[in-house]
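Peer 1: So I've got this file, structure-v4.cif, and it contains mmCIF, C-alpha atoms and all ligand atoms:
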data_upload
loop_
_atom_site.label_atom_id
_atom_site.label_comp_id
_atom_site.auth_asym_id
_atom_site.auth_seq_id
_atom_site.Cartn_x
_atom_site.Cartn_y
_atom_site.Cartn_z
CA MET A 172 69.00 -56.62 122.76
CA THR A 173 72.54 -58.04 122.67
CA ALA A 174 75.58 -55.89 123.36
CA ALA A 175 78.06 -55.17 120.56
CA ARG A 176 80.58 -57.80 121.63
CA GLU A 177 77.95 -60.55 121.40
CA ALA A 178 76.97 -59.74 117.86
CA PRO A 179 77.86 -62.38 115.29
CA ASP A 180 80.45 -60.76 113.09
CA ILE A 181 79.29 -60.66 109.51
CA LEU A 182 82.68 -59.22 108.54
CA SER A 183 84.64 -62.21 109.87
CA PRO A 184 86.36 -64.86 107.70
CA GLU A 185 84.12 -67.50 109.33
CA PHE A 186 81.04 -65.73 108.02
CA ALA A 187 82.54 -65.40 104.54
CA MET A 188 83.30 -69.11 104.54
CA ASP A 189 79.86 -70.28 105.71
CA PRO A 190 77.23 -67.61 106.44
CA TYR A 191 74.52 -70.25 106.78
CA GLN A 192 76.12 -71.63 109.93
CA VAL A 193 76.18 -68.12 111.41
CA TYR A 194 72.55 -67.57 110.39
CA ARG A 195 71.53 -70.70 112.32
CA VAL A 196 73.08 -69.28 115.48
CA MET A 197 71.63 -65.81 114.87
CA LEU A 198 68.11 -67.07 114.29
CA ASP A 199 68.15 -68.67 117.75
CA ALA A 200 69.87 -65.71 119.41
CA PRO A 201 68.37 -62.35 120.44
CA PRO A 202 66.91 -60.94 117.25
CA LEU A 203 68.25 -57.37 117.22
CA VAL A 204 71.98 -56.79 117.12
CA TRP A 205 74.05 -53.60 117.02
CA HIS A 206 77.15 -53.99 114.84
CA GLU A 207 79.68 -51.39 115.92
CA PRO A 208 82.16 -51.57 112.99
CA MET A 209 79.35 -51.23 110.44
CA GLN A 210 77.45 -48.72 112.57
CA SER A 211 74.33 -50.70 111.74
CA TYR A 212 71.62 -52.72 113.41
CA ILE A 213 71.23 -56.24 112.06
CA ILE A 214 67.95 -58.12 111.71
CA SER A 215 67.70 -61.73 110.58
CA ARG A 216 64.24 -63.15 111.37
CA TYR A 217 61.79 -63.58 108.49
CA GLU A 218 59.11 -61.56 110.27
CA ASP A 219 61.42 -58.56 110.80
CA VAL A 220 63.13 -58.60 107.40
CA SER A 221 59.85 -58.89 105.50
CA ARG A 222 58.41 -55.98 107.52
CA ALA A 223 61.50 -53.88 106.74
CA PHE A 224 60.86 -54.42 103.02
CA LYS A 225 57.12 -53.81 103.14
CA GLU A 226 56.61 -50.95 105.61
CA PRO A 227 57.34 -47.46 104.25
CA VAL A 228 58.75 -46.33 107.62
CA PHE A 229 61.86 -48.30 106.58
CA THR A 230 63.10 -45.84 103.95
CA THR A 231 65.78 -46.48 101.32
CA ASP A 232 67.63 -43.26 102.25
CA ASN A 233 70.68 -45.47 102.94
CA TYR A 234 71.19 -45.59 99.18
CA ASP A 235 72.04 -41.85 99.28
CA TRP A 236 75.49 -42.90 100.52
CA GLN A 237 75.53 -46.55 99.45
CA LEU A 238 74.71 -46.05 95.78
CA GLU A 239 74.32 -42.43 94.73
CA PRO A 240 78.10 -41.79 94.67
CA VAL A 241 78.50 -44.43 91.92
CA HIS A 242 75.17 -44.37 90.08
CA GLY A 243 73.78 -40.90 90.64
CA LYS A 244 70.20 -40.82 91.93
CA THR A 245 68.28 -43.99 91.03
CA ILE A 246 64.82 -45.46 91.50
CA LEU A 247 66.04 -47.35 94.58
CA GLN A 248 66.37 -44.11 96.55
CA MET A 249 63.00 -42.73 95.53
CA SER A 250 59.76 -42.92 97.48
CA GLY A 251 56.11 -41.93 97.15
CA ARG A 252 54.91 -40.46 93.85
CA GLU A 253 58.43 -39.89 92.51
CA HIS A 254 59.10 -43.62 92.87
CA SER A 255 55.78 -44.77 91.40
CA VAL A 256 56.16 -42.53 88.33
CA ARG A 257 59.73 -43.73 87.75
CA ARG A 258 58.65 -47.33 88.22
CA ALA A 259 55.82 -46.84 85.70
CA LEU A 260 58.35 -45.41 83.23
CA VAL A 261 60.71 -48.38 83.35
CA ALA A 262 58.63 -51.42 84.41
CA PRO A 263 56.73 -52.14 81.14
CA ALA A 264 60.00 -53.04 79.39
CA PHE A 265 60.58 -55.88 81.87
CA ARG A 266 57.31 -57.80 81.61
CA GLY A 267 54.52 -58.92 79.27
CA SER A 268 54.81 -58.56 75.52
CA GLU A 269 57.95 -56.38 75.66
CA LEU A 270 59.73 -59.19 77.47
CA GLU A 271 58.18 -62.11 75.61
CA GLN A 272 58.30 -60.77 72.08
CA ARG A 273 61.11 -58.25 71.99
CA PHE A 274 63.65 -59.48 74.47
CA LEU A 275 63.16 -63.27 74.56
CA PRO A 276 64.99 -63.69 71.21
CA VAL A 277 67.87 -61.56 72.59
CA ILE A 278 68.09 -63.81 75.64
CA GLU A 279 67.98 -67.00 73.54
CA ARG A 280 70.63 -65.70 71.14
CA ASN A 281 73.03 -64.76 73.92
CA ALA A 282 72.65 -68.09 75.74
CA ARG A 283 73.29 -70.00 72.50
CA ALA A 284 76.36 -67.93 71.60
CA LEU A 285 78.01 -68.63 74.95
CA ILE A 286 77.15 -72.34 74.89
CA ASP A 287 78.57 -72.60 71.36
CA GLY A 288 81.92 -71.69 72.93
CA PHE A 289 82.08 -75.00 74.83
CA ARG A 290 79.38 -77.38 73.54
CA ASP A 291 81.92 -79.61 71.74
CA LYS A 292 84.54 -79.59 74.48
CA GLY A 293 83.03 -81.93 77.07
CA THR A 294 84.15 -79.70 79.94
CA VAL A 295 83.23 -76.22 81.11
CA ASP A 296 83.59 -73.95 84.11
CA LEU A 297 80.00 -72.78 84.17
CA VAL A 298 80.87 -69.67 86.21
CA ALA A 299 83.81 -68.39 84.14
CA GLU A 300 82.51 -69.43 80.72
CA PHE A 301 78.77 -68.83 81.07
CA ALA A 302 77.28 -67.27 84.22
CA THR A 303 79.51 -64.20 84.49
CA HIS A 304 78.89 -63.26 80.85
CA PHE A 305 75.29 -64.22 80.15
CA PRO A 306 73.21 -61.60 82.02
CA ILE A 307 75.51 -58.69 81.23
CA ASN A 308 75.60 -59.65 77.53
CA VAL A 309 71.79 -59.77 77.59
CA ILE A 310 71.45 -56.30 79.15
CA VAL A 311 74.02 -54.73 76.83
CA ASP A 312 72.21 -56.29 73.87
CA MET A 313 68.77 -55.24 75.17
CA LEU A 314 69.99 -51.67 75.57
CA GLY A 315 71.35 -51.68 72.02
CA LEU A 316 74.95 -50.98 73.12
CA ASP A 317 78.08 -52.22 71.37
CA PRO A 318 78.79 -55.93 72.16
CA ALA A 319 82.48 -55.12 71.69
CA ASP A 320 82.25 -53.24 75.03
CA HIS A 321 81.13 -56.28 77.08
CA ALA A 322 84.41 -56.52 78.95
CA ARG A 323 84.23 -52.85 79.86
CA PHE A 324 80.68 -53.23 81.24
CA GLN A 325 81.78 -56.24 83.22
CA ARG A 326 84.58 -54.25 84.83
CA TRP A 327 82.15 -51.44 85.64
CA TYR A 328 79.52 -53.62 87.27
CA THR A 329 82.10 -55.50 89.32
CA SER A 330 83.33 -52.17 90.63
CA ILE A 331 79.79 -50.93 91.36
CA ILE A 332 78.87 -54.09 93.27
CA ALA A 333 82.14 -53.91 95.22
CA PHE A 334 81.27 -50.30 96.19
CA LEU A 335 77.78 -51.34 97.29
CA GLY A 336 79.14 -54.23 99.35
CA ASN A 337 82.08 -52.26 100.79
CA LEU A 338 81.01 -53.03 104.34
CA SER A 339 84.48 -52.43 105.75
CA GLN A 340 84.89 -49.10 103.89
CA ASP A 341 88.00 -50.07 101.92
CA ALA A 342 89.43 -46.86 100.37
CA ASP A 343 90.59 -48.47 97.10
CA ILE A 344 87.16 -49.99 96.47
CA ALA A 345 85.53 -46.60 97.15
CA ALA A 346 87.92 -44.82 94.75
CA ALA A 347 87.36 -47.41 92.00
CA GLY A 348 83.58 -46.97 92.36
CA LEU A 349 83.86 -43.20 91.91
CA ARG A 350 86.07 -43.64 88.82
CA THR A 351 83.45 -45.96 87.38
CA ARG A 352 80.78 -43.30 87.73
CA GLU A 353 82.87 -40.87 85.67
CA GLU A 354 83.82 -43.43 83.03
CA LEU A 355 80.25 -44.64 82.64
CA ALA A 356 78.91 -41.08 82.34
CA GLU A 357 81.51 -40.21 79.68
CA TYR A 358 80.53 -43.34 77.78
CA MET A 359 76.75 -43.21 78.16
CA ILE A 360 75.70 -39.55 77.92
CA PRO A 361 76.76 -39.08 74.25
CA ILE A 362 75.09 -42.41 73.36
CA ILE A 363 71.84 -41.35 75.09
CA GLN A 364 71.87 -37.99 73.28
CA GLU A 365 72.47 -39.67 69.96
CA ARG A 366 69.74 -42.27 70.61
CA ARG A 367 67.18 -39.54 71.38
CA GLU A 368 67.73 -38.31 67.82
CA ASN A 369 67.53 -41.79 66.27
CA LEU A 370 65.12 -43.92 68.27
CA GLY A 371 65.40 -47.65 67.56
CA ASP A 372 63.84 -50.88 68.78
CA ASP A 373 66.01 -51.22 71.88
CA LEU A 374 65.58 -50.68 75.62
CA LEU A 375 67.62 -47.46 75.61
CA SER A 376 65.26 -45.97 73.00
CA THR A 377 62.26 -47.09 75.11
CA LEU A 378 63.73 -45.30 78.13
CA CYS A 379 64.42 -42.15 76.06
CA ALA A 380 60.85 -42.05 74.76
CA ALA A 381 58.98 -43.18 77.92
CA GLU A 382 56.55 -40.66 79.37
CA VAL A 383 54.14 -40.96 82.31
CA ASP A 384 51.90 -38.06 83.44
CA GLY A 385 54.04 -35.63 81.45
CA THR A 386 57.25 -36.84 83.13
CA ARG A 387 60.22 -38.07 81.10
CA MET A 388 63.68 -39.14 82.16
CA SER A 389 66.63 -36.76 81.73
CA ASP A 390 69.94 -37.92 80.24
CA GLU A 391 71.32 -38.16 83.76
CA ASP A 392 68.28 -40.19 84.95
CA ILE A 393 68.74 -42.67 82.10
CA LYS A 394 72.48 -42.93 82.66
CA ALA A 395 71.88 -43.63 86.38
CA PHE A 396 69.26 -46.27 85.52
CA VAL A 397 71.59 -47.99 83.03
CA SER A 398 74.31 -47.99 85.67
CA LEU A 399 71.86 -49.59 88.13
CA LEU A 400 70.76 -52.15 85.55
CA LEU A 401 74.32 -53.29 84.95
CA ALA A 402 74.77 -54.01 88.64
CA ALA A 403 71.22 -55.07 89.60
CA GLY A 404 70.68 -57.22 86.54
CA GLY A 405 74.22 -58.46 85.97
CA GLU A 406 75.75 -59.65 89.19
CA THR A 407 72.50 -61.05 90.59
CA THR A 408 71.43 -63.22 87.67
CA ASP A 409 75.04 -64.33 87.23
CA LYS A 410 75.03 -65.72 90.78
CA ALA A 411 71.53 -67.18 90.32
CA VAL A 412 72.41 -69.29 87.25
CA ALA A 413 75.55 -70.63 88.88
CA SER A 414 73.83 -71.38 92.20
CA LEU A 415 70.92 -73.12 90.49
CA PHE A 416 73.31 -75.52 88.75
CA LYS A 417 75.43 -76.02 91.87
CA ASN A 418 72.33 -76.87 93.91
CA LEU A 419 71.01 -79.29 91.28
CA LEU A 420 74.41 -80.95 90.72
CA GLU A 421 74.66 -81.51 94.47
CA HIS A 422 71.17 -83.08 94.44
CA PRO A 423 71.31 -85.42 91.42
CA GLU A 424 67.79 -86.79 91.94
CA GLN A 425 66.38 -83.24 91.70
CA LEU A 426 68.56 -82.54 88.64
CA ALA A 427 67.12 -85.68 87.00
CA ALA A 428 63.57 -84.53 87.82
CA VAL A 429 64.17 -81.09 86.25
CA ARG A 430 65.81 -82.63 83.20
CA ALA A 431 62.81 -84.93 82.70
CA ASP A 432 60.18 -82.24 83.34
CA ARG A 433 61.33 -78.78 82.29
CA SER A 434 58.22 -77.17 83.77
CA LEU A 435 60.06 -77.64 87.10
CA VAL A 436 62.72 -75.03 86.17
CA PRO A 437 60.85 -72.07 87.77
CA GLN A 438 60.35 -74.16 90.91
CA ALA A 439 64.06 -75.00 91.02
CA PHE A 440 64.89 -71.30 90.52
CA ALA A 441 62.51 -70.22 93.32
CA GLU A 442 64.07 -72.72 95.75
CA THR A 443 67.55 -71.60 94.66
CA LEU A 444 66.58 -68.00 95.44
CA ARG A 445 65.40 -69.03 98.91
CA TYR A 446 68.24 -71.41 99.73
CA THR A 447 71.19 -69.55 98.18
CA PRO A 448 70.09 -65.96 97.44
CA PRO A 449 72.33 -63.95 95.09
CA VAL A 450 71.95 -60.90 97.38
CA HIS A 451 72.45 -61.85 101.03
CA MET A 452 71.78 -58.49 102.64
CA ILE A 453 70.34 -55.07 101.93
CA MET A 454 69.94 -52.02 104.10
CA ARG A 455 67.15 -49.71 105.19
CA GLN A 456 66.94 -46.52 107.25
CA PRO A 457 63.85 -46.09 109.48
CA ALA A 458 62.30 -42.60 109.34
CA GLU A 459 60.94 -43.00 112.87
CA ASP A 460 61.75 -45.17 115.87
CA VAL A 461 60.45 -48.59 114.97
CA THR A 462 59.91 -51.65 117.15
CA VAL A 463 61.03 -55.02 115.80
CA SER A 464 61.50 -58.36 117.57
CA GLY A 465 63.99 -57.68 120.30
CA GLY A 466 63.82 -53.91 120.59
CA VAL A 467 63.61 -50.49 119.02
CA ILE A 468 65.61 -49.30 116.01
CA PRO A 469 66.03 -45.55 116.40
CA ALA A 470 64.97 -43.18 113.61
CA GLY A 471 67.76 -42.39 111.15
CA SER A 472 69.92 -45.42 111.97
CA THR A 473 70.97 -48.00 109.41
CA VAL A 474 69.56 -51.51 109.57
CA THR A 475 71.09 -54.42 107.68
CA CYS A 476 68.44 -56.94 106.63
CA LEU A 477 69.85 -60.45 106.30
CA ILE A 478 67.92 -61.98 103.41
CA GLY A 479 70.03 -65.14 103.53
CA ALA A 480 69.10 -65.72 107.18
CA ALA A 481 65.41 -64.81 106.87
CA ASN A 482 65.00 -67.25 103.97
CA ARG A 483 66.19 -70.00 106.32
CA ASP A 484 64.07 -69.05 109.31
CA ALA A 485 62.45 -72.25 110.61
CA ARG A 486 59.54 -70.13 111.84
CA ARG A 487 58.65 -69.64 108.17
CA PHE A 488 60.09 -72.58 106.18
CA ALA A 489 60.07 -76.25 107.18
CA ASP A 490 63.50 -77.89 107.27
CA PRO A 491 64.99 -74.60 106.02
CA ASP A 492 68.57 -75.85 105.52
CA SER A 493 67.48 -78.46 102.96
CA PHE A 494 67.40 -77.71 99.24
CA ASP A 495 64.07 -79.13 98.09
CA ILE A 496 62.47 -77.93 94.87
CA PHE A 497 59.31 -79.81 95.87
CA ARG A 498 58.82 -78.04 99.19
CA ALA A 499 55.18 -77.22 99.90
CA ASP A 500 55.85 -73.87 101.58
CA LEU A 501 57.29 -72.00 98.57
CA PRO A 502 54.58 -71.42 95.95
CA THR A 503 56.08 -70.94 92.48
CA ASN A 504 53.13 -69.00 91.11
CA THR A 505 53.93 -66.03 93.36
CA ALA A 506 57.73 -66.48 93.60
CA PHE A 507 58.48 -63.86 90.92
CA SER A 508 55.98 -61.24 92.07
CA ALA A 509 55.71 -58.93 95.07
CA ALA A 510 53.52 -61.64 96.65
CA ALA A 511 56.59 -63.92 96.87
CA ASN A 512 57.28 -65.55 100.23
CA HIS A 513 61.05 -65.82 99.82
CA LEU A 514 62.78 -62.46 100.32
CA SER A 515 65.46 -62.61 97.61
CA PHE A 516 63.84 -59.97 95.37
CA ALA A 517 62.85 -57.92 98.47
CA LEU A 518 59.11 -57.15 98.84
CA GLY A 519 56.95 -54.06 98.76
CA ARG A 520 57.41 -51.06 96.51
CA HIS A 521 61.07 -51.72 95.63
CA PHE A 522 60.38 -55.37 94.75
CA CYS A 523 62.84 -56.26 91.97
CA VAL A 524 61.60 -54.75 88.74
CA GLY A 525 63.66 -57.32 86.81
CA ALA A 526 62.24 -60.45 88.49
CA LEU A 527 60.38 -61.70 85.41
CA LEU A 528 63.36 -60.90 83.19
CA ALA A 529 65.55 -62.91 85.58
CA LYS A 530 63.04 -65.78 85.47
CA THR A 531 63.04 -65.76 81.66
CA GLU A 532 66.85 -65.65 81.54
CA ILE A 533 67.11 -68.58 83.97
CA GLU A 534 64.52 -70.65 82.08
CA VAL A 535 66.24 -70.09 78.73
CA ALA A 536 69.73 -70.70 80.13
CA THR A 537 68.74 -73.82 82.08
CA ASN A 538 66.90 -75.39 79.15
CA GLN A 539 69.68 -74.69 76.67
CA LEU A 540 72.39 -75.88 79.07
CA LEU A 541 70.53 -79.11 79.87
CA ASP A 542 70.00 -79.75 76.14
CA ALA A 543 73.70 -79.18 75.39
CA MET A 544 74.91 -81.28 78.33
CA PRO A 545 72.62 -84.34 78.62
CA ASP A 546 74.77 -86.13 81.21
CA LEU A 547 76.42 -83.22 83.00
CA GLU A 548 78.09 -83.85 86.34
CA LEU A 549 80.65 -82.12 88.51
CA ALA A 550 84.16 -82.67 87.13
CA ASP A 551 86.28 -85.24 88.97
CA GLY A 552 87.17 -84.07 92.43
CA ALA A 553 85.33 -80.75 92.09
CA SER A 554 83.73 -79.53 95.27
CA PRO A 555 82.53 -76.02 94.49
CA VAL A 556 82.66 -73.36 97.18
CA GLU A 557 80.66 -70.15 97.44
CA ARG A 558 82.30 -66.74 97.53
CA GLY A 559 81.04 -63.34 98.63
CA VAL A 560 79.37 -61.72 101.61
CA PHE A 561 77.06 -59.06 100.21
CA THR A 562 76.35 -60.96 97.01
CA ARG A 563 77.25 -64.64 96.94
CA GLY A 564 77.54 -67.53 94.51
CA PRO A 565 79.89 -70.36 93.49
CA ALA A 566 83.46 -69.22 92.77
CA SER A 567 83.68 -71.80 89.98
CA LEU A 568 81.65 -74.76 88.75
CA PRO A 569 83.75 -77.26 86.76
CA ILE A 570 81.48 -79.63 84.84
CA ARG A 571 82.09 -82.51 82.48
CA PHE A 572 79.65 -83.90 79.93
CA THR A 573 79.44 -85.92 76.74
CA PRO A 574 78.96 -83.52 73.81
CA VAL A 575 75.70 -84.10 71.91
CA GLY A 576 76.28 -86.16 68.76
CA SER A 577 79.70 -87.51 69.76
C1 LIG A 601 68.13 -63.35 90.34
C2 LIG A 601 68.27 -62.12 89.91
C3 LIG A 601 67.94 -60.90 90.73
C4 LIG A 601 67.91 -60.71 92.10
C5 LIG A 601 68.19 -61.74 93.20
C6 LIG A 601 67.56 -59.32 92.34
C7 LIG A 601 67.41 -58.75 93.59
C8 LIG A 601 66.87 -57.49 93.82
C9 LIG A 601 66.57 -56.95 95.12
C10 LIG A 601 66.85 -57.66 96.45
C11 LIG A 601 66.04 -55.72 94.93
C12 LIG A 601 65.52 -54.77 96.01
C13 LIG A 601 66.58 -53.83 96.50
C14 LIG A 601 66.03 -52.99 97.62
O1 LIG A 601 64.82 -53.00 97.86
O2 LIG A 601 66.83 -52.33 98.29
C15 LIG A 601 66.02 -55.47 93.51
C16 LIG A 601 65.56 -54.29 92.94
C17 LIG A 601 65.76 -54.00 91.61
N1 LIG A 601 66.20 -54.86 90.62
FE1 LIG A 601 66.67 -56.80 90.85
N2 LIG A 601 67.40 -58.70 91.13
C18 LIG A 601 67.62 -59.62 90.13
C19 LIG A 601 67.55 -59.38 88.77
C20 LIG A 601 67.33 -58.17 88.19
C21 LIG A 601 67.35 -57.90 86.77
C22 LIG A 601 67.60 -58.95 85.68
C23 LIG A 601 67.13 -56.56 86.62
C24 LIG A 601 67.04 -55.75 85.37
C25 LIG A 601 67.81 -55.87 84.36
C26 LIG A 601 66.94 -55.99 87.95
C27 LIG A 601 66.68 -54.66 88.21
C28 LIG A 601 66.29 -54.16 89.44
C29 LIG A 601 65.89 -52.77 89.67
C30 LIG A 601 65.86 -51.66 88.63
C31 LIG A 601 65.54 -52.67 91.02
C32 LIG A 601 65.04 -51.43 91.76
C33 LIG A 601 63.51 -51.44 91.84
C34 LIG A 601 62.93 -50.28 92.63
O3 LIG A 601 63.65 -49.61 93.37
O4 LIG A 601 61.72 -50.04 92.49
N3 LIG A 601 67.08 -56.99 88.87
N4 LIG A 601 66.52 -56.58 92.85
#
Give the structure from this file in structure tokens form.

Peer 2:
Amino acid sequence: MTAAREAPDILSPEFAMDPYQVYRVMLDAPPLVWHEPMQSYIISRYEDVSRAFKEPVFTTDNYDWQLEPVHGKTILQMSGREHSVRRALVAPAFRGSELEQRFLPVIERNARALIDGFRDKGTVDLVAEFATHFPINVIVDMLGLDPADHARFQRWYTSIIAFLGNLSQDADIAAAGLRTREELAEYMIPIIQERRENLGDDLLSTLCAAEVDGTRMSDEDIKAFVSLLLAAGGETTDKAVASLFKNLLEHPEQLAAVRADRSLVPQAFAETLRYTPPVHMIMRQPAEDVTVSGGVIPAGSTVTCLIGAANRDARRFADPDSFDIFRADLPTNTAFSAAANHLSFALGRHFCVGALLAKTEIEVATNQLLDAMPDLELADGASPVERGVFTRGPASLPIRFTPVGS
């Protein structure tokens, strides 16, 4: 195992600028690193990170301090039967007929409304004018909350994600996260109580009415889940849409292939998840001493799992630093299920419950955007850069195009 001073610093400006370069070094270096400032072990190899997601010895108790202060107790912290019952309560809303019949029109409507804002202009910053709004608008609409409060939700989820990714323990970020918890509770609890009395055709009503083995969710449980949805479903899909377009615009031949054959969209999304994951790292806390490549992680310690590195491990993916939607080692048919071989939705029992919703959102958004911008290209001189350490995506994506019909 390396000593602290040899550990690549994931808090450094160099890492923030280009984590992929650091991952390349890490993946060839000793595989288990102790990071003193974060008080955390770091693992980066595909084999180790995928084990950390799949094996129950790697608990999610880290979320007791990482998330509970802002959300209250959520599904992410649960294990065993408590987790499987909670998962059974919420999961049906995010797949199958609920998704295809009830929520697909909501997704289509929200994509169209945002695109209407720029379809005649010939230019757009796809991050500022589409990606940051689309998923949060969809969730707010799915939940049956007031669209007039979109900006408020956006502020809340930004603050929650900043709390979650507060690796350097910044006091202002921590305080803002705690304020968000109070504001969100004051906002949501009366709405939940009112909705219980007047159930409708929305996701919030589904959560109020859901029952599995005699278990239902309390007002506090639902509020915590809504809070998690805003962060888990907002920030992530936001980064995914923007990164998908950045990757395609930087590989015009692959953009042309997707434009010509829209059945390639899921493939392009899967490769985007592998190559530029929205969430670069998540943590676990082993319940017992556990041996990984390079040494033993002691029981009770925190381990940071570098998704972004593991997805580019040459032991698992050929030519891992190339964006290639046609790669043979990333099957699309499993990419949005717990059998996925990229690690961007995690694996195992906490595998992203919103993966199929995210896939539907990306398919709708990509198709509508390509239809509205037949000849899109990066605006003159634009060379988009990524931003973020915990979650990551393009800071902006200026595009120009000829409006349809002009
Ligand atoms: C590209 C988009 C997305 C990415 C990259 C992503 C990523 C992830 C990851 C990495 C986890 C596992 C966290 C862990 O195990 O510690 C997760 C879990 C989760 N995600 Fe997503 N997510 C996305 C979209 C969504 C959407 C759209 C929703 C719902 C609106 C959602 C809701 C959830 C929930 C509720 C969990 C917790 C599941 C559990 O603990 O059983 N996610 N997601």

Peer 1: Would you kindly return, as a PyMOL selection string, each protein, DNA or RNA residue with an atom no farther than 8 Å from any atom of range 326-336 of chain A, considering only C-alpha atoms and excluding same-chain residues fewer than 2 positions away?

Peer 2: chain A and resi 237-238+241+322-324+338+344-345+347-348+351+355+398+401-402+405-406+560-562

Peer 1: Using all atoms listed in the file, find each residue with an atom at most 7 Å away from ligand LIG 601 (chain A) and format the answer as a ChimeraX atom specification.

Peer 2: /A:224,231,246-248,254,258,310,399-400,403-405,407-408,411,444,448-450,453-454,515-517,520-526,528-529

Peer 1: Would you list the contacts of range 211-222 of chain A as a PDB file with C-alpha atoms, in the frame of the given file, taking every protein, DNA or RNA residue within 7 Å and counting only C-alpha atoms, but skipping same-chain residues closer than 3 positions in sequence?

Peer 2:
ATOM      1  CA  LEU A 198      68.110 -67.070 114.290  1.00  0.00           C
ATOM      2  CA  PRO A 202      66.910 -60.940 117.250  1.00  0.00           C
ATOM      3  CA  LEU A 203      68.250 -57.370 117.220  1.00  0.00           C
ATOM      4  CA  VAL A 204      71.980 -56.790 117.120  1.00  0.00           C
ATOM      5  CA  TRP A 205      74.050 -53.600 117.020  1.00  0.00           C
ATOM      6  CA  HIS A 206      77.150 -53.990 114.840  1.00  0.00           C
ATOM      7  CA  GLU A 207      79.680 -51.390 115.920  1.00  0.00           C
ATOM      8  CA  LYS A 225      57.120 -53.810 103.140  1.00  0.00           C
ATOM      9  CA  GLU A 226      56.610 -50.950 105.610  1.00  0.00           C
ATOM     10  CA  VAL A 463      61.030 -55.020 115.800  1.00  0.00           C
ATOM     11  CA  SER A 464      61.500 -58.360 117.570  1.00  0.00           C
ATOM     12  CA  SER A 472      69.920 -45.420 111.970  1.00  0.00           C
ATOM     13  CA  THR A 473      70.970 -48.000 109.410  1.00  0.00           C
ATOM     14  CA  VAL A 474      69.560 -51.510 109.570  1.00  0.00           C
ATOM     15  CA  THR A 475      71.090 -54.420 107.680  1.00  0.00           C
ATOM     16  CA  CYS A 476      68.440 -56.940 106.630  1.00  0.00           C
ATOM     17  CA  LEU A 477      69.850 -60.450 106.300  1.00  0.00           C
ATOM     18  CA  ALA A 480      69.100 -65.720 107.180  1.00  0.00           C
ATOM     19  CA  ALA A 481      65.410 -64.810 106.870  1.00  0.00           C
ATOM     20  CA  ASN A 482      65.000 -67.250 103.970  1.00  0.00           C
ATOM     21  CA  ASP A 484      64.070 -69.050 109.310  1.00  0.00           C
ATOM     22  CA  ARG A 487      58.650 -69.640 108.170  1.00  0.00           C
ATOM     23  CA  LEU A 514      62.780 -62.460 100.320  1.00  0.00           C
ATOM     24  CA  LEU A 518      59.110 -57.150  98.840  1.00  0.00           C
TER      25      LEU A 518
END

Peer 1: Can you tell me, as an MDAnalysis selection string, what residues are no more than 12 Å from Val196 in chain A when counting only C-alpha atoms, ignoring any on the same chain fewer than 2 positions away?

Peer 2: chainID A and resid 177:180 186 189:194 198:202 215:216 480 483:484

Peer 1: Please return, as number ranges by chain, all polymer residues that have at least one atom within 12 Å of the point (66.8, -34.6, 82.0); use all atoms listed in the file and the file's own coordinate frame.

Peer 2: A: 360, 363-364, 367, 378-380, 386-395

Peer 1: Of the candidates A:Leu314, A:Ala470, A:Ala485, A:Val309, which one gets nearest to Leu285 in chain A if we count only C-alpha atoms?

Peer 2: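 Distance minimum relative to Leu285 in chain A lands on A:Val309.
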
Peer 1: Could you check how far CA of Leu568 in chain A sits from CA of Ala413 in chain A, in Å to one decimal?

Peer 2: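 CA of Leu568 in chain A sits 7.4 Å away from CA of Ala413 in chain A.
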
Peer 1: Would you mind listing what lies within 12 Å of Lys410 in chain A as an MDAnalysis selection string, with all atoms listed in the file counted and same-chain residues fewer than 6 positions away left out?

Peer 2: chainID A and resid 297:299 301:307 402:404 416:418 440 443:444 447:451 529 533 557:559 561:568

Peer 1: Grab the CA of Leu426 in chain A to CA of Glu442 in chain A distance for me, in Å with one decimal place.

Peer 2: 12.9 Å

Peer 1: Measuring between all atoms listed in the file, which one of A:Thr462, A:Asn308, A:Asn281, A:Asn369 shows the shortest distance to Val228 in chain A?

Peer 2: A:Thr462

Peer 1: Find the distance between CA of Arg290 in chain A and CA of Arg433 in chain A and write it in Å to one decimal.

Peer 2: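 A separation of 20.1 Å between them.
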
Peer 1: Which residue is closest to Val256 in chain A? Choose from A:Ser268, A:His242, A:Val383, A:Phe572 and count only C-alpha atoms.

Peer 2: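 The closest residue to Val256 in chain A is A:Val383.
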
Peer 1: Pick out the closest residue to Glu534 in chain A from this set: A:Ala439, A:Glu253, A:Phe497, A:Asn512. Count only C-alpha atoms.

Peer 2: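 Using only C-alpha atoms, the shortest distance to Glu534 in chain A belongs to A:Ala439.
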
Peer 1: Measuring atom to atom with all atoms listed in the file, identify which of A:Thr531, A:Ser414, A:Met188, A:Val461 is nearest to Val277 in chain A.

Peer 2: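 Closest to Val277 in chain A of all the choices is A:Thr531.
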
Peer 1: Could you tell me which of A:Leu501, A:Glu365, A:Ala282, A:Ala550 comes closest to Thr537 in chain A if we count all atoms listed in the file?

Peer 2: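 Of A:Leu501, A:Glu365, A:Ala282, A:Ala550, the one nearest Thr537 in chain A is A:Ala282, counting all atoms listed in the file.
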
Peer 1: Residues around (58.6, -41.3, 111.3), cut-off 10 Å, counting all atoms listed in the file - what are they as a ChimeraX atom specification?

Peer 2: /A:227-230,457-461,469-471
